[in-house]
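What follows is query32.txt (compact mmCIF, C-alpha atoms).
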# COMPACT_ATOMS: atom_id res chain seq x y z
CA MET I 541 80.02 0.99 -88.47
CA SER I 542 83.11 3.33 -88.66
CA GLN I 543 85.19 4.23 -85.67
CA ASP I 544 83.92 7.82 -85.71
CA THR I 545 80.35 6.74 -85.84
CA TYR I 546 80.96 4.35 -82.98
CA GLU I 547 82.47 7.06 -80.82
CA ASP I 548 79.64 9.41 -81.62
CA ASN I 549 77.11 6.81 -80.70
CA ARG I 550 78.95 5.93 -77.56
CA GLY I 551 79.22 9.56 -76.67
CA TRP I 552 75.55 10.04 -77.34
CA GLN I 553 74.81 7.09 -75.13
CA LYS I 554 77.09 8.43 -72.49
CA GLY I 555 75.52 11.88 -72.77
CA GLN I 556 72.10 10.41 -72.59
CA ALA I 557 73.21 8.32 -69.66
CA ARG I 558 74.47 11.36 -67.87
CA THR I 559 71.32 13.27 -68.65
CA TYR I 560 69.11 10.36 -67.48
CA SER I 561 71.14 9.94 -64.37
CA ASP I 562 70.79 13.59 -63.33
CA SER I 563 67.11 14.17 -64.08
CA ALA I 564 65.66 10.72 -63.58
CA ILE I 565 67.42 10.15 -60.34
CA SER I 566 66.31 13.56 -59.05
CA GLU I 567 62.75 12.85 -60.01
CA ARG I 568 63.01 9.43 -58.45
CA ILE I 569 64.30 10.88 -55.22
CA CYS I 570 61.53 13.48 -55.21
CA ALA I 571 58.96 10.79 -55.84
CA ILE I 572 60.33 8.73 -53.01
CA LYS I 573 60.22 11.77 -50.74
CA ARG I 574 56.67 12.54 -51.77
CA THR I 575 55.70 8.93 -51.16
CA ARG I 576 57.29 8.97 -47.76
CA ILE I 577 55.52 12.21 -46.88
CA GLU I 578 52.19 10.84 -48.11
CA ASN I 579 52.75 7.59 -46.24
CA LYS I 580 53.56 9.56 -43.15
CA ASN I 581 50.43 11.64 -43.57
CA TYR I 582 48.33 8.54 -44.06
CA PHE I 583 49.94 6.98 -41.05
CA VAL I 584 49.21 10.04 -38.94
CA ARG I 585 45.63 10.11 -40.18
CA PHE I 586 45.03 6.44 -39.47
CA ARG I 587 46.70 6.73 -36.09
CA ASP I 588 44.49 9.69 -35.22
CA ALA I 589 41.45 7.89 -36.53
CA TRP I 590 42.25 4.88 -34.35
CA GLN I 591 42.71 7.06 -31.26
CA VAL I 592 39.50 8.96 -31.90
CA SER I 593 37.52 5.80 -32.60
CA ALA I 594 38.56 4.43 -29.21
CA GLN I 595 36.70 7.34 -27.59
CA LEU I 596 33.38 6.61 -29.30
CA VAL I 597 30.52 5.32 -27.14
CA PRO I 598 28.04 3.58 -29.46
CA SER I 599 25.24 3.49 -26.86
CA ASP I 600 25.24 7.27 -26.47
CA ILE I 601 24.13 9.15 -29.60
CA SER I 602 25.30 12.61 -28.53
CA HIS I 603 28.74 11.29 -27.58
CA THR I 604 29.00 9.47 -30.88
CA GLU I 605 28.21 12.58 -32.90
CA ARG I 606 30.71 14.68 -30.98
CA ALA I 607 33.34 12.00 -31.47
CA LEU I 608 32.65 11.88 -35.22
CA GLU I 609 32.91 15.66 -35.46
CA ASN I 610 36.19 15.48 -33.63
CA LEU I 611 37.33 12.80 -36.04
CA ASN I 612 36.37 14.97 -39.01
CA ARG I 613 38.40 17.86 -37.70
CA ARG I 614 41.37 15.66 -36.95
CA LEU I 615 41.29 14.16 -40.43
CA GLU I 616 40.51 17.56 -42.03
CA ILE I 617 37.51 16.23 -43.88
CA ASN I 618 35.92 19.02 -45.87
CA SER I 619 32.51 20.35 -45.07
CA ASN I 620 30.93 18.55 -48.01
CA ALA I 621 31.67 15.15 -46.51
CA THR I 622 28.71 13.40 -44.88
CA VAL I 623 28.57 11.35 -41.73
CA LYS I 624 25.91 8.68 -41.32
CA THR I 625 24.00 9.28 -38.08
CA ILE I 626 20.84 7.94 -36.52
CA SER I 627 17.73 9.73 -37.73
CA PRO I 628 15.87 12.06 -35.32
CA PHE I 629 12.83 9.77 -35.45
CA ILE I 630 14.81 6.79 -34.17
CA ARG I 631 16.45 8.98 -31.54
CA TYR I 632 13.09 10.25 -30.24
CA PHE I 633 11.68 6.74 -30.38
CA ARG I 634 14.50 5.50 -28.15
CA ILE I 635 14.03 8.38 -25.71
CA ALA I 636 10.29 7.67 -25.54
CA ALA I 637 10.97 3.97 -24.93
CA ILE I 638 13.29 4.83 -22.04
CA TRP I 639 10.65 7.11 -20.45
CA ILE I 640 7.99 4.42 -20.82
CA LEU I 641 10.29 1.89 -19.16
CA LEU I 642 11.05 4.25 -16.27
CA PHE I 643 7.36 5.04 -15.83
CA SER I 644 6.48 1.34 -15.74
CA LEU I 645 9.20 0.62 -13.17
CA GLY I 646 7.88 3.50 -11.06
CA ILE I 647 4.38 2.04 -11.05
CA ILE I 648 5.67 -1.40 -10.06
CA ALA I 649 7.83 0.04 -7.27
CA SER I 650 4.97 2.15 -5.89
CA ARG I 651 2.67 -0.87 -5.81
CA LEU I 652 5.26 -2.88 -3.91
CA ILE I 653 5.86 -0.05 -1.44
CA PHE I 654 2.17 0.54 -0.79
CA LYS I 655 1.57 -3.18 -0.43
CA THR I 656 4.33 -3.72 2.13
CA SER I 657 3.28 -0.55 3.98
CA GLY I 658 -0.25 -1.84 4.48
CA TYR I 659 -1.91 0.50 1.96
CA SER I 660 -2.73 -2.14 -0.63
CA ASP I 661 -6.39 -2.50 -1.57
CA GLN I 662 -5.98 -6.28 -1.49
CA VAL I 663 -6.74 -8.05 1.79
CA SER I 664 -4.84 -11.17 2.85
CA ASP I 665 -5.57 -13.38 5.85
CA ILE I 666 -2.69 -14.57 8.04
CA SER I 667 -3.05 -17.56 10.36
CA VAL I 668 -0.81 -18.43 13.32
CA MET I 669 -1.29 -21.65 15.28
CA ALA I 670 0.23 -23.34 18.32
CA PRO I 671 -0.14 -27.15 18.08
CA MET I 672 -0.95 -29.35 21.04
CA GLY I 673 2.00 -29.67 23.40
CA SER I 674 3.54 -26.31 22.44
CA LYS I 675 3.09 -22.54 22.58
CA ALA I 676 3.77 -19.76 20.12
CA ILE I 677 4.64 -16.05 20.19
CA THR I 678 3.93 -13.74 17.28
CA PHE I 679 3.98 -10.04 16.44
CA LEU I 680 1.13 -8.45 14.52
CA PRO I 681 1.73 -5.82 11.81
CA ASP I 682 0.85 -2.99 14.24
CA GLY I 683 3.52 -4.14 16.73
CA SER I 684 1.16 -5.93 19.12
CA LYS I 685 2.55 -9.08 20.73
CA VAL I 686 0.51 -12.26 21.10
CA TRP I 687 1.23 -15.45 23.06
CA LEU I 688 -0.70 -18.54 21.93
CA ASN I 689 -1.37 -21.43 24.27
CA ALA I 690 -1.37 -25.05 23.12
CA GLY I 691 -4.10 -25.93 20.62
CA SER I 692 -4.82 -22.27 19.79
CA LYS I 693 -5.01 -20.23 16.59
CA ILE I 694 -5.45 -16.62 15.54
CA ILE I 695 -6.39 -15.19 12.14
CA TYR I 696 -5.84 -11.56 11.17
CA SER I 697 -5.91 -9.57 7.95
CA ILE I 698 -3.36 -7.29 6.30
CA GLY I 699 -4.04 -4.63 3.67
CA GLY I 700 -7.30 -2.98 2.76
CA ASN I 701 -6.87 0.21 4.83
CA LYS I 702 -9.20 -1.07 7.53
CA LYS I 703 -10.27 1.29 10.30
CA GLU I 704 -10.02 -1.47 12.92
CA ARG I 705 -7.46 -4.10 13.85
CA GLU I 706 -9.37 -7.38 13.98
CA VAL I 707 -8.19 -10.76 15.27
CA MET I 708 -10.13 -14.01 15.27
CA LEU I 709 -9.19 -16.31 18.17
CA THR I 710 -9.77 -20.00 18.75
CA GLY I 711 -8.25 -21.25 22.00
CA GLU I 712 -6.29 -19.15 24.47
CA ALA I 713 -4.11 -16.10 23.90
CA TYR I 714 -2.45 -13.33 25.88
CA PHE I 715 -2.41 -9.93 24.13
CA ASP I 716 -0.04 -7.02 24.64
CA VAL I 717 -1.68 -4.48 22.34
CA ALA I 718 0.16 -1.55 20.76
CA LYS I 719 -1.63 1.74 21.37
CA ASP I 720 -3.43 3.34 18.44
CA GLN I 721 -6.37 5.59 19.33
CA LYS I 722 -7.41 5.85 15.68
CA LYS I 723 -7.64 2.08 15.16
CA PRO I 724 -9.32 0.05 17.91
CA PHE I 725 -8.09 -3.49 18.50
CA ILE I 726 -10.88 -6.08 18.37
CA VAL I 727 -10.76 -9.77 19.31
CA GLU I 728 -13.58 -12.10 18.30
CA ALA I 729 -13.68 -15.43 20.13
CA GLU I 730 -16.54 -17.93 20.20
CA GLY I 731 -19.26 -15.29 19.92
CA LEU I 732 -17.55 -12.78 22.25
CA VAL I 733 -16.20 -9.39 21.11
CA VAL I 734 -13.38 -7.68 23.04
CA LYS I 735 -12.55 -4.11 22.04
CA VAL I 736 -9.42 -2.29 23.26
CA HIS I 737 -7.06 0.56 22.31
CA GLY I 738 -3.87 -0.38 24.14
CA THR I 739 -3.75 -2.85 26.98
CA GLN I 740 -2.78 -6.32 28.23
CA PHE I 741 -5.37 -9.04 28.66
CA ASN I 742 -5.97 -12.77 28.37
CA VAL I 743 -8.76 -14.50 26.47
CA LYS I 744 -9.53 -18.19 26.87
CA ALA I 745 -12.00 -19.42 24.27
CA TYR I 746 -11.74 -23.12 23.49
CA PRO I 747 -14.70 -24.38 21.43
CA GLU I 748 -15.32 -27.40 23.69
CA GLU I 749 -15.63 -25.28 26.85
CA LYS I 750 -18.93 -23.78 28.03
CA ALA I 751 -17.60 -20.27 28.75
CA VAL I 752 -15.21 -17.71 27.26
CA GLU I 753 -12.93 -16.18 29.89
CA THR I 754 -11.49 -12.63 29.55
CA THR I 755 -9.04 -11.40 32.18
CA LEU I 756 -7.74 -7.82 32.21
CA VAL I 757 -4.18 -7.19 33.41
CA GLU I 758 -3.86 -3.47 32.64
CA GLY I 759 -5.66 -0.81 30.64
CA SER I 760 -9.33 -1.05 29.76
CA VAL I 761 -11.49 -3.24 27.55
CA SER I 762 -15.13 -3.40 26.61
CA VAL I 763 -16.79 -6.79 26.14
CA ASN I 764 -20.06 -7.73 24.50
CA SER I 765 -21.79 -10.62 22.82
CA LYS I 766 -21.58 -10.58 19.04
CA ASP I 767 -25.30 -11.31 18.86
CA ASN I 768 -26.14 -8.63 21.43
CA PRO I 769 -23.77 -5.67 20.85
CA SER I 770 -25.78 -3.28 23.03
CA ASP I 771 -25.08 -5.31 26.20
CA ILE I 772 -21.55 -4.00 26.90
CA VAL I 773 -19.41 -4.69 29.95
CA THR I 774 -16.32 -2.54 30.64
CA LEU I 775 -13.47 -4.14 32.56
CA LYS I 776 -10.83 -2.52 34.74
CA PRO I 777 -7.53 -4.11 35.81
CA ASN I 778 -7.86 -7.18 38.07
CA GLU I 779 -11.32 -7.94 36.72
CA GLN I 780 -12.60 -10.90 34.74
CA VAL I 781 -15.71 -11.57 32.69
CA LEU I 782 -17.12 -14.99 31.87
CA PHE I 783 -19.24 -15.23 28.74
CA PHE I 784 -21.46 -18.28 29.03
CA LYS I 785 -22.45 -19.60 25.63
CA ALA I 786 -26.05 -20.25 24.85
CA THR I 787 -27.20 -23.84 25.27
CA GLY I 788 -30.46 -25.60 24.66
CA ASP I 789 -31.94 -24.57 28.01
CA ARG I 790 -29.96 -21.41 28.82
CA ARG I 791 -29.41 -18.07 27.13
CA GLU I 792 -25.95 -16.56 26.77
CA SER I 793 -24.84 -14.29 29.59
CA LEU I 794 -21.96 -12.16 30.91
CA VAL I 795 -20.75 -12.51 34.49
CA VAL I 796 -18.12 -10.12 35.91
CA THR I 797 -15.76 -11.02 38.76
CA ARG I 798 -13.80 -8.21 40.46
CA GLY I 799 -10.69 -8.30 42.64
CA ILE I 800 -9.12 -11.36 41.00
CA ASP I 801 -5.38 -12.09 40.74
CA PRO I 802 -4.70 -11.93 36.97
CA GLU I 803 -1.35 -13.71 37.37
CA ARG I 804 -3.15 -16.93 38.16
CA PHE I 805 -4.74 -16.88 34.71
CA THR I 806 -1.63 -15.84 32.81
CA LEU I 807 1.05 -18.10 34.32
CA TRP I 808 0.83 -20.36 31.30
CA ILE I 809 2.89 -17.90 29.21
CA ASN I 810 5.81 -18.74 31.54
CA ASP I 811 5.22 -22.53 31.35
CA ARG I 812 3.43 -22.67 34.69
CA LEU I 813 -0.04 -23.80 35.70
CA GLN I 814 -1.75 -22.92 38.98
CA ILE I 815 -4.43 -25.40 39.98
CA THR I 816 -6.86 -24.27 42.67
CA GLY I 817 -9.64 -26.73 43.46
CA GLU I 818 -9.70 -27.91 39.84
CA THR I 819 -11.63 -31.06 39.01
CA LEU I 820 -9.67 -33.94 37.56
CA GLY I 821 -11.85 -33.70 34.47
CA SER I 822 -10.79 -30.07 33.87
CA LEU I 823 -7.19 -30.86 34.81
CA ALA I 824 -7.12 -33.69 32.27
CA VAL I 825 -8.08 -31.23 29.49
CA MET I 826 -5.21 -28.91 30.53
CA LEU I 827 -2.75 -31.78 30.53
CA GLU I 828 -3.89 -32.96 27.10
CA ARG I 829 -3.14 -29.53 25.64
CA LYS I 830 0.12 -28.97 27.49
CA TYR I 831 1.65 -32.41 26.81
CA ASP I 832 -0.16 -33.43 23.60
CA VAL I 833 -1.64 -36.61 25.09
CA LYS I 834 -5.05 -38.21 25.23
CA ILE I 835 -6.51 -39.07 28.66
CA HIS I 836 -9.30 -41.61 29.15
CA PHE I 837 -11.35 -42.25 32.31
CA GLU I 838 -12.22 -45.87 32.98
CA ILE I 839 -14.52 -44.67 35.76
CA PRO I 840 -16.38 -41.37 35.01
CA ALA I 841 -16.70 -40.54 38.72
CA LEU I 842 -12.96 -39.86 38.87
CA LYS I 843 -13.56 -36.64 36.92
CA GLU I 844 -15.11 -35.03 39.99
CA LEU I 845 -12.00 -35.37 42.18
CA ARG I 846 -10.42 -31.97 42.93
CA PHE I 847 -6.77 -30.98 43.06
CA THR I 848 -4.68 -27.95 44.05
CA GLY I 849 -1.06 -27.24 43.21
CA TYR I 850 1.45 -25.96 40.64
CA ILE I 851 2.77 -27.53 37.48
CA GLU I 852 5.98 -26.05 36.07
CA ASN I 853 8.67 -28.04 34.29
CA GLU I 854 7.43 -31.50 35.21
CA THR I 855 7.00 -34.19 32.57
CA ILE I 856 3.63 -35.83 32.05
CA GLU I 857 4.90 -38.94 33.86
CA GLN I 858 5.85 -36.83 36.88
CA VAL I 859 2.43 -35.15 36.95
CA LEU I 860 0.68 -38.53 36.79
CA GLU I 861 2.82 -39.79 39.66
CA MET I 862 1.83 -36.74 41.77
CA ILE I 863 -1.85 -37.45 41.05
CA LYS I 864 -1.33 -41.09 41.98
CA ILE I 865 0.44 -40.26 45.25
CA SER I 866 -2.14 -37.67 46.40
CA SER I 867 -5.27 -39.66 45.53
CA SER I 868 -6.77 -43.05 44.87
CA VAL I 869 -6.14 -42.72 41.14
CA ASP I 870 -3.87 -45.06 39.25
CA TYR I 871 -2.91 -44.94 35.59
CA THR I 872 -1.46 -46.83 32.68
CA MET I 873 0.30 -45.15 29.75
CA LYS I 874 1.12 -46.35 26.26
CA GLU I 875 2.83 -43.86 23.97
CA ARG I 876 0.51 -40.79 23.97
CA GLU I 877 -2.53 -42.59 25.42
CA ILE I 878 -3.30 -42.50 29.18
CA TRP I 879 -5.98 -44.44 31.10
CA LEU I 880 -7.00 -43.29 34.59
CA LYS I 881 -8.55 -45.81 36.99
CA ASN I 882 -8.92 -46.63 40.66
CA LYS I 883 -6.05 -48.24 42.52
Take the structure in the file and write it out as structure tokens.
Amino acid sequence: MSQDTYEDNRGWQKGQARTYSDSAISERICAIKRTRIENKNYFVRFRDAWQVSAQLVPSDISHTERALENLNRRLEINSNATVKTISPFIRYFRIAAIWILLFSLGIIASRLIFKTSGYSDQVSDISVMAPMGSKAITFLPDGSKVWLNAGSKIIYSIGGNKKEREVMLTGEAYFDVAKDQKKPFIVEAEGLVVKVHGTQFNVKAYPEEKAVETTLVEGSVSVNSKDNPSDIVTLKPNEQVLFFKATGDRRESLVVTRGIDPERFTLWINDRLQITGETLGSLAVMLERKYDVKIHFEIPALKELRFTGYIENETIEQVLEMIKISSSVDYTMKEREIWLKNK
């Protein structure tokens, strides 16, 4: 190659180099700028998308749709774009399921409320018992208060919308009845029926005893035999009725005693016993219930001895010593068994 040709080629190369440098570099710079702008726009869009997505609440359909619409506006998605949402059928199905659930919970709650309020159509029997050697106090659903003496039990029902408040008694109980004129209070004990509205009275009805004893403290009660409801006796305060059970040679009967001291027959609720001319046989039964012991008579004639006095906080050993000191009776005791005999 000649020198002139070389210079021309070099000049052409230089010219081309200058031309390339001016245009290519400008285009390159513009491309870089466009890329940076696009990257910035993408960054802004993704940032906005992230911020909007943080506000979505998947469990709430309406909130989700509003959030998606907001996202569309922020990202300037055209109106032809589609957003996948839950179909109306599924939405209505979910709403229906929620209403069914709420309705079911309402039914369950109403049943529980009616049951605890005493309006249930199911009747349940409740039993309360005082074992030998102890007493018990309980409150009935209507607010009435009941004291149970040793070896006694009551049974009453709850539910069923009954028109009467009924209690079955075995043993001895003192009743302080809540007033309710619309629902009479009835006690059934060993064939005797005691009907009251609001009063205080004592009923002694042990199966092994010949008579059922009802003592009125205040208010008014009517008493009749379960087998003879037309024969009714009405008691006033300080009166007592004895219901003698039918035996092989005697019919049942009601005998009223007026002017009695009701405290004598209700001291047991305060851990006291008043004994007035009581036979040792009857006293032994009282002691068996109060102290949860078993008393045997080696000589049956000892049962006819009579005693008078008070028993309060004494132990069974102290009571036996008092009997021994005041009579010709002696005793031996082994654990809960007691034998009475002559000295």
Quiz item: atom CA of I:Pro671 and atom CA of I:Ser697, how far apart in Å?
Solution: 21.1 Å
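Put simply, atom CA of I:Asn764 is 22.3 Å away from atom CA of I:Leu688.
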Quiz item: Closest to I:Asn689 among I:Phe847, I:Phe805, I:Tyr714, I:Phe783, using only C-alpha atoms?
Solution: I:Tyr714
Quiz prompt | Among listed residues I:Val752, I:Met672, I:Leu820, I:Val736, nearest I:Lys776 (using only C-alpha atoms) | solution = I:Val736
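Pairwise distance (atom CA of I:Trp687, atom CA of I:Tyr831) equals 17.4 Å.
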Self-check item: stretch 813-819 of chain I surroundings by all atoms listed in the file, 9 Å radius, close-in-sequence under 4 positions cut, as a ChimeraX atom specification
Solution: /I:804-808,823-824,826,842-852
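If you measure from each of I:Asp832, I:Glu728, I:Glu758, I:Asp665 to I:Thr855 using only C-alpha atoms, the closest one turns out to be I:Asp832.
The residue that comes closest to I:Val773, out of I:Val733, I:Met669, I:Gly699, I:Ala751 and on the basis of only C-alpha atoms, is I:Val733.
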Counting only C-alpha atoms, I want the residues whose atoms come within 8 Å of (-11.8, -7.0, 35.0) in the file frame, returned as a PDB file with C-alpha atoms, in the frame of the given file.
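Output file selection27.pdb follows:
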ATOM      1  CA  THR I 754     -11.490 -12.630  29.550  1.00  0.00           C
ATOM      2  CA  THR I 755      -9.040 -11.400  32.180  1.00  0.00           C
ATOM      3  CA  LEU I 756      -7.740  -7.820  32.210  1.00  0.00           C
ATOM      4  CA  VAL I 757      -4.180  -7.190  33.410  1.00  0.00           C
ATOM      5  CA  THR I 774     -16.320  -2.540  30.640  1.00  0.00           C
ATOM      6  CA  LEU I 775     -13.470  -4.140  32.560  1.00  0.00           C
ATOM      7  CA  LYS I 776     -10.830  -2.520  34.740  1.00  0.00           C
ATOM      8  CA  PRO I 777      -7.530  -4.110  35.810  1.00  0.00           C
ATOM      9  CA  ASN I 778      -7.860  -7.180  38.070  1.00  0.00           C
ATOM     10  CA  GLU I 779     -11.320  -7.940  36.720  1.00  0.00           C
ATOM     11  CA  GLN I 780     -12.600 -10.900  34.740  1.00  0.00           C
ATOM     12  CA  VAL I 781     -15.710 -11.570  32.690  1.00  0.00           C
ATOM     13  CA  VAL I 796     -18.120 -10.120  35.910  1.00  0.00           C
ATOM     14  CA  THR I 797     -15.760 -11.020  38.760  1.00  0.00           C
ATOM     15  CA  ARG I 798     -13.800  -8.210  40.460  1.00  0.00           C
ATOM     16  CA  GLY I 799     -10.690  -8.300  42.640  1.00  0.00           C
ATOM     17  CA  ILE I 800      -9.120 -11.360  41.000  1.00  0.00           C
TER      18      ILE I 800
END
Self-check item: Surrounding residues of I:Val717 excluding itself and chain neighbours under 4 positions, 12 Å, all atoms listed in the file, as a ChimeraX atom specification
Solution: /I:678-687,705-707,713,721,723-727,735-742,757-761
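Counting all atoms listed in the file, the residue from I:Ser867, I:Ser667, I:Gln662, I:Ser822 that sits nearest to I:Lys702 is I:Gln662.
The closest residue to I:Glu730, picked from I:Ser692, I:Thr710, I:Ser793, I:Ser664 and counting all atoms listed in the file, is I:Thr710.
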